[in-house]
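Visitor: Dumping the structure here so I can ask a few things about it.
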Amino acid sequence: KNQVEQSPQSLIILEGKNCTLQCNYTVSPFSNLRWYKQDTGRGPVSLTIMTFSENTKSNGRYTATLDADTKQSSLHITASQLSDSASYICVVSGQAGTALIFGKGTTLSVSS
Amino acid sequence: NAGVTQTPKFQVLKTGQSMTLQCAQDMNHNSMYWYRQDPGMGLRLIYYSASEGTTDKGEVPNGYNVSRLNKREFSLRLESAAPSQTSVYFCASSHMGTGNTEAFFGQGTRLTVV
């Protein structure tokens with residue numbers, strides 16, 4: 001069964017600290033992996049999208065990595081800010097034209 | 001720069017009532033989607049429209065109908081609302097399918113069925 005598992009479920013960090021969120025997937029065949037940020041009461045907003053041939057992709061303070069062999073991805077947030085408090089969702093796409101498989105998300109809280 | 005616009009933002013229905021959730025995008029995208037998001041679960045696909053004039057069932061289509069009115073608009077209808085349909089509904093669009101193209105989401109409709 002195609003699944004996307006994220007860990008931890010929730011995380012609390014101090015402003016200015018770094019953190020890493022994990023994503024494991026069993027989707028096969030695999031086309032691409034995306035990370036979305038969802039603020040409370042808003043729709044998801046894309047951070048990165050990586051195909052199987054890409055190992056890393058950055059978007060400002062956000063850096064995503066992908067290991068297609070082990071079917072694992074991580075999202076690293078550097079120098080966290082209060083505005084980083086949100087849910088971060090890992091999404092995997094199979095071959096083009098198939099549905100996106102969403103993880104349940106990691107809720108990040110950044111405190112001052 | 002509106003992107004994907006959903007209406008209404010909030011709605012309370014009584015069991016058995018009907019309603020239509022509206023979605024419009026201004027990015028000239030071919031594909032549009034309806035998802036629902038429930039606590040403790042990932043977004044689940046209800047219906048999608050790969051292109052104007054076509055619609056297909058997703059993972060959880062029961063109790064819903066859709067209409068791709070034109071390239072811009074994709075509506076979701078609940079004919080007889082049930083408490084199990086209490087959820088947050090998101091509309092999304094992408095240029096073409098779910099390949100390597102980006103998907104853009106609306107801000108959501110929070111629906112409560114009592």
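As shown in the structure tokens, the chain order sets the letters A, B, ...; within each chain, residues go from 1, and ligands are also counted from 1 in the order they appear.
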Hey, which bits of chain A sit within 8 Å of chain B, and for each residue what's the closest pair of atoms and how far apart in Å (one decimal), counting only C-alpha atoms, rows by chain and increasing number, as a tab-separated table?

Guide:
residue	atom	partner	partner_atom	distance
A:Ser31	CA	B:Gly99	CA	6.9
A:Asn32	CA	B:Asn100	CA	6.6
A:Gly41	CA	B:Gln107	CA	7.4
A:Arg42	CA	B:Gln107	CA	4.8
A:Gly43	CA	B:Gln107	CA	4.4
A:Pro44	CA	B:Phe105	CA	6.1
A:Val45	CA	B:Phe104	CA	7.0
A:Ser46	CA	B:Phe104	CA	7.6
A:Ile49	CA	B:Asn100	CA	7.7
A:Thr51	CA	B:Asn100	CA	7.5
A:Ser93	CA	B:Thr98	CA	6.9
A:Gly94	CA	B:Gly99	CA	7.9
A:Gln95	CA	B:Gly99	CA	6.8
A:Ala96	CA	B:Gly99	CA	4.0
A:Gly97	CA	B:Gly97	CA	5.0
A:Thr98	CA	B:Thr98	CA	6.4
A:Ala99	CA	B:Thr98	CA	6.6
A:Leu100	CA	B:Thr98	CA	6.8
A:Ile101	CA	B:Arg44	CA	8.0
A:Phe102	CA	B:Gly42	CA	5.2
A:Gly103	CA	B:Gly42	CA	5.1
A:Lys104	CA	B:Gly42	CA	4.1
A:Gly105	CA	B:Gly42	CA	7.1

Visitor: So that I can check the surroundings of Pro61 (chain B), please list as a list of chain:residue names every protein, DNA and RNA residue that reaches within 12 Å of it, counting only C-alpha atoms and ignoring chain neighbours fewer than 2 positions away.

Guide: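 Returned residues: B:Tyr33, B:Trp34, B:Tyr35, B:Arg36, B:Arg44, B:Leu45, B:Ile46, B:Tyr47, B:Tyr48, B:Thr55, B:Asp56, B:Lys57, B:Gly58, B:Glu59, B:Gly63, B:Tyr64, B:Asn65, B:Val66, B:Leu76, B:Arg77, B:Leu78, B:Gln85.
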
Visitor: Could you name the residues that touch region 15-26 of chain A at 8 Å or less, counting only C-alpha atoms, but leaving out those on the same chain fewer than 4 positions away, as a list in words?

Guide: Lys1, Asn2, Gln3, Val4, Glu5, Gln6, Ser7, Pro8, Lys71, Gln72, Ser73, Ser74, Leu75, His76, Ile77, Thr78, Ala79, Ser80, Gln81, Leu82, Cys90, Val92, Thr106, Val110, Ser111 and Ser112 of chain A

Visitor: Store the residues picked out above, limited to N, CA, C and O atoms, as a short mmCIF file (atom, residue, chain, number, x, y, z; two decimals), in the first residue's frame.

Guide:
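The new file again-v6.cif reads:
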data_model
loop_
_atom_site.label_atom_id
_atom_site.label_comp_id
_atom_site.auth_asym_id
_atom_site.auth_seq_id
_atom_site.Cartn_x
_atom_site.Cartn_y
_atom_site.Cartn_z
N LYS A 1 0.85 -1.20 0.00
CA LYS A 1 0.00 0.00 0.00
C LYS A 1 0.88 1.25 0.00
O LYS A 1 1.87 1.32 0.72
N ASN A 2 0.54 2.22 -0.86
CA ASN A 2 1.31 3.46 -0.90
C ASN A 2 1.06 4.28 0.35
O ASN A 2 -0.07 4.63 0.66
N GLN A 3 2.13 4.58 1.08
CA GLN A 3 2.01 5.34 2.31
C GLN A 3 3.15 6.34 2.45
O GLN A 3 4.24 6.14 1.91
N VAL A 4 2.86 7.40 3.19
CA VAL A 4 3.86 8.41 3.53
C VAL A 4 3.79 8.61 5.04
O VAL A 4 2.73 8.97 5.57
N GLU A 5 4.91 8.34 5.71
CA GLU A 5 4.96 8.44 7.17
C GLU A 5 5.91 9.57 7.56
O GLU A 5 7.03 9.64 7.07
N GLN A 6 5.46 10.43 8.47
CA GLN A 6 6.30 11.55 8.90
C GLN A 6 6.58 11.46 10.40
O GLN A 6 5.76 10.99 11.18
N SER A 7 7.76 11.94 10.75
CA SER A 7 8.13 12.01 12.16
C SER A 7 9.01 13.23 12.40
O SER A 7 9.72 13.69 11.49
N PRO A 8 8.99 13.79 13.61
CA PRO A 8 8.03 13.45 14.66
C PRO A 8 6.64 13.99 14.31
O PRO A 8 6.46 14.73 13.36
N LYS A 71 14.16 5.46 0.24
CA LYS A 71 12.82 6.05 0.27
C LYS A 71 12.64 6.92 1.52
O LYS A 71 11.66 6.78 2.27
N GLN A 72 13.62 7.80 1.71
CA GLN A 72 13.57 8.72 2.84
C GLN A 72 13.85 10.14 2.39
O GLN A 72 14.64 10.37 1.47
N SER A 73 13.21 11.08 3.06
CA SER A 73 13.45 12.50 2.80
C SER A 73 13.48 13.23 4.13
O SER A 73 12.90 12.77 5.13
N SER A 74 14.17 14.34 4.15
CA SER A 74 14.19 15.18 5.34
C SER A 74 14.04 16.64 4.93
O SER A 74 14.38 17.02 3.81
N LEU A 75 13.50 17.42 5.84
CA LEU A 75 13.40 18.87 5.65
C LEU A 75 14.13 19.52 6.81
O LEU A 75 13.75 19.33 7.97
N HIS A 76 15.18 20.26 6.49
CA HIS A 76 15.98 20.93 7.51
C HIS A 76 15.65 22.41 7.50
O HIS A 76 15.67 23.05 6.44
N ILE A 77 15.34 22.93 8.67
CA ILE A 77 15.04 24.35 8.81
C ILE A 77 16.17 24.99 9.62
O ILE A 77 16.46 24.55 10.74
N THR A 78 16.77 25.98 9.04
CA THR A 78 17.92 26.65 9.66
C THR A 78 17.48 27.96 10.33
O THR A 78 16.66 28.69 9.78
N ALA A 79 18.05 28.22 11.50
CA ALA A 79 17.80 29.49 12.20
C ALA A 79 16.31 29.80 12.25
O ALA A 79 15.85 30.80 11.69
N SER A 80 15.58 28.96 12.93
CA SER A 80 14.11 29.04 12.91
C SER A 80 13.60 30.41 13.38
O SER A 80 14.22 31.09 14.20
N GLN A 81 12.45 30.76 12.83
CA GLN A 81 11.77 32.00 13.18
C GLN A 81 10.36 31.68 13.68
O GLN A 81 9.84 30.61 13.40
N LEU A 82 9.77 32.62 14.40
CA LEU A 82 8.42 32.40 14.92
C LEU A 82 7.45 32.07 13.79
O LEU A 82 6.52 31.28 13.95
N CYS A 90 4.73 16.23 3.98
CA CYS A 90 5.48 15.53 2.94
C CYS A 90 4.47 14.89 1.99
O CYS A 90 3.51 14.25 2.43
N VAL A 92 4.05 12.67 -1.73
CA VAL A 92 4.76 11.89 -2.74
C VAL A 92 3.83 11.64 -3.92
O VAL A 92 2.64 11.34 -3.75
N THR A 106 3.99 17.17 10.21
CA THR A 106 4.66 17.42 11.49
C THR A 106 4.31 18.85 11.90
O THR A 106 4.50 19.79 11.13
N VAL A 110 7.58 27.13 17.13
CA VAL A 110 8.80 27.86 17.44
C VAL A 110 8.46 28.89 18.51
O VAL A 110 7.57 29.73 18.31
N SER A 111 9.16 28.82 19.61
CA SER A 111 8.86 29.73 20.72
C SER A 111 10.03 30.68 20.96
O SER A 111 11.18 30.36 20.66
N SER A 112 9.71 31.83 21.51
CA SER A 112 10.74 32.85 21.77
C SER A 112 11.33 32.70 23.16
O SER A 112 10.84 31.94 23.99
#

Visitor: Find the residue from B:Ser84, B:Leu69, B:Ser94, B:Glu52 that sits nearest to Gln22 (chain B); use only C-alpha atoms when measuring.

Guide: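 Using only C-alpha atoms, Gln22 (chain B) sits closest to B:Leu69.
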
Visitor: Any chance you could list, as a PyMOL selection string, the residues in chain A that come up strand (DSSP E) when DSSP is run on the backbone?

Guide: chain A and resi 4-7+10-14+19-25+32-38+45-51+56-59+62-67+72-77+86-93+100-102+106-111

Visitor: Based on the selection just made, write C-alpha atoms of those residues as a PDB file, in the first residue's frame.

Guide:
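The new file out20.pdb reads:
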ATOM      1  CA  VAL A   4       3.860   8.407   3.534  1.00  0.00           C
ATOM      2  CA  GLU A   5       4.958   8.442   7.166  1.00  0.00           C
ATOM      3  CA  GLN A   6       6.296  11.547   8.903  1.00  0.00           C
ATOM      4  CA  SER A   7       8.133  12.008  12.163  1.00  0.00           C
ATOM      5  CA  SER A  10       5.043  17.410  16.684  1.00  0.00           C
ATOM      6  CA  LEU A  11       8.094  19.407  17.663  1.00  0.00           C
ATOM      7  CA  ILE A  12       8.797  22.437  19.830  1.00  0.00           C
ATOM      8  CA  ILE A  13      12.017  24.421  19.372  1.00  0.00           C
ATOM      9  CA  LEU A  14      13.411  27.766  20.462  1.00  0.00           C
ATOM     10  CA  CYS A  19      15.507  21.330  13.248  1.00  0.00           C
ATOM     11  CA  THR A  20      15.045  18.376  10.901  1.00  0.00           C
ATOM     12  CA  LEU A  21      11.789  16.720   9.953  1.00  0.00           C
ATOM     13  CA  GLN A  22      11.652  13.201   8.540  1.00  0.00           C
ATOM     14  CA  CYS A  23       9.579  11.533   5.843  1.00  0.00           C
ATOM     15  CA  ASN A  24       9.552   7.850   4.834  1.00  0.00           C
ATOM     16  CA  TYR A  25       7.484   6.610   1.921  1.00  0.00           C
ATOM     17  CA  ASN A  32       8.593  13.200  -7.107  1.00  0.00           C
ATOM     18  CA  LEU A  33       8.484  14.273  -3.494  1.00  0.00           C
ATOM     19  CA  ARG A  34       7.214  17.606  -2.234  1.00  0.00           C
ATOM     20  CA  TRP A  35       7.301  19.461   1.045  1.00  0.00           C
ATOM     21  CA  TYR A  36       4.484  21.834   1.876  1.00  0.00           C
ATOM     22  CA  LYS A  37       4.056  24.332   4.704  1.00  0.00           C
ATOM     23  CA  GLN A  38       0.548  24.796   6.060  1.00  0.00           C
ATOM     24  CA  VAL A  45       2.034  26.197   0.246  1.00  0.00           C
ATOM     25  CA  SER A  46       4.836  24.493  -1.656  1.00  0.00           C
ATOM     26  CA  LEU A  47       8.387  24.671  -0.297  1.00  0.00           C
ATOM     27  CA  THR A  48      10.260  22.238  -2.556  1.00  0.00           C
ATOM     28  CA  ILE A  49       9.653  19.583  -5.174  1.00  0.00           C
ATOM     29  CA  MET A  50      12.297  16.939  -6.007  1.00  0.00           C
ATOM     30  CA  THR A  51      12.416  14.223  -8.618  1.00  0.00           C
ATOM     31  CA  THR A  56      18.866  18.098  -2.278  1.00  0.00           C
ATOM     32  CA  LYS A  57      16.948  21.289  -2.912  1.00  0.00           C
ATOM     33  CA  SER A  58      16.898  24.533  -0.994  1.00  0.00           C
ATOM     34  CA  ASN A  59      14.382  27.320  -0.603  1.00  0.00           C
ATOM     35  CA  TYR A  62      14.534  25.336   4.080  1.00  0.00           C
ATOM     36  CA  THR A  63      16.645  22.478   2.677  1.00  0.00           C
ATOM     37  CA  ALA A  64      15.100  19.200   1.589  1.00  0.00           C
ATOM     38  CA  THR A  65      17.067  16.020   0.964  1.00  0.00           C
ATOM     39  CA  LEU A  66      15.982  12.863  -0.806  1.00  0.00           C
ATOM     40  CA  ASP A  67      17.389   9.334  -0.778  1.00  0.00           C
ATOM     41  CA  GLN A  72      13.570   8.716   2.843  1.00  0.00           C
ATOM     42  CA  SER A  73      13.452  12.496   2.805  1.00  0.00           C
ATOM     43  CA  SER A  74      14.190  15.178   5.344  1.00  0.00           C
ATOM     44  CA  LEU A  75      13.402  18.866   5.654  1.00  0.00           C
ATOM     45  CA  HIS A  76      15.980  20.928   7.508  1.00  0.00           C
ATOM     46  CA  ILE A  77      15.042  24.351   8.811  1.00  0.00           C
ATOM     47  CA  ALA A  86       3.166  25.559  11.051  1.00  0.00           C
ATOM     48  CA  SER A  87       2.431  22.047   9.870  1.00  0.00           C
ATOM     49  CA  TYR A  88       4.934  20.620   7.381  1.00  0.00           C
ATOM     50  CA  ILE A  89       3.544  18.046   5.021  1.00  0.00           C
ATOM     51  CA  CYS A  90       5.484  15.533   2.935  1.00  0.00           C
ATOM     52  CA  VAL A  91       3.725  14.595  -0.302  1.00  0.00           C
ATOM     53  CA  VAL A  92       4.758  11.886  -2.740  1.00  0.00           C
ATOM     54  CA  SER A  93       3.649  11.493  -6.336  1.00  0.00           C
ATOM     55  CA  LEU A 100      -0.587  12.749  -4.644  1.00  0.00           C
ATOM     56  CA  ILE A 101      -0.101  10.772  -1.407  1.00  0.00           C
ATOM     57  CA  PHE A 102      -0.058  13.058   1.630  1.00  0.00           C
ATOM     58  CA  THR A 106       4.665  17.423  11.489  1.00  0.00           C
ATOM     59  CA  THR A 107       3.441  20.305  13.634  1.00  0.00           C
ATOM     60  CA  LEU A 108       6.314  22.648  14.422  1.00  0.00           C
ATOM     61  CA  SER A 109       6.060  25.250  17.170  1.00  0.00           C
ATOM     62  CA  VAL A 110       8.798  27.860  17.436  1.00  0.00           C
ATOM     63  CA  SER A 111       8.864  29.734  20.720  1.00  0.00           C
TER      64      SER A 111
END

Visitor: Quote the spacing between CA of Ala24 (chain B) and CA of Phe30 (chain A) in Å to one decimal place.

Guide: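 For CA of Ala24 (chain B) relative to CA of Phe30 (chain A), the distance reads 29.8 Å.
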
Visitor: So how far away is CA of Phe52 (chain A) from CA of Ala68 (chain A), in Å?

Guide: 5.9 Å
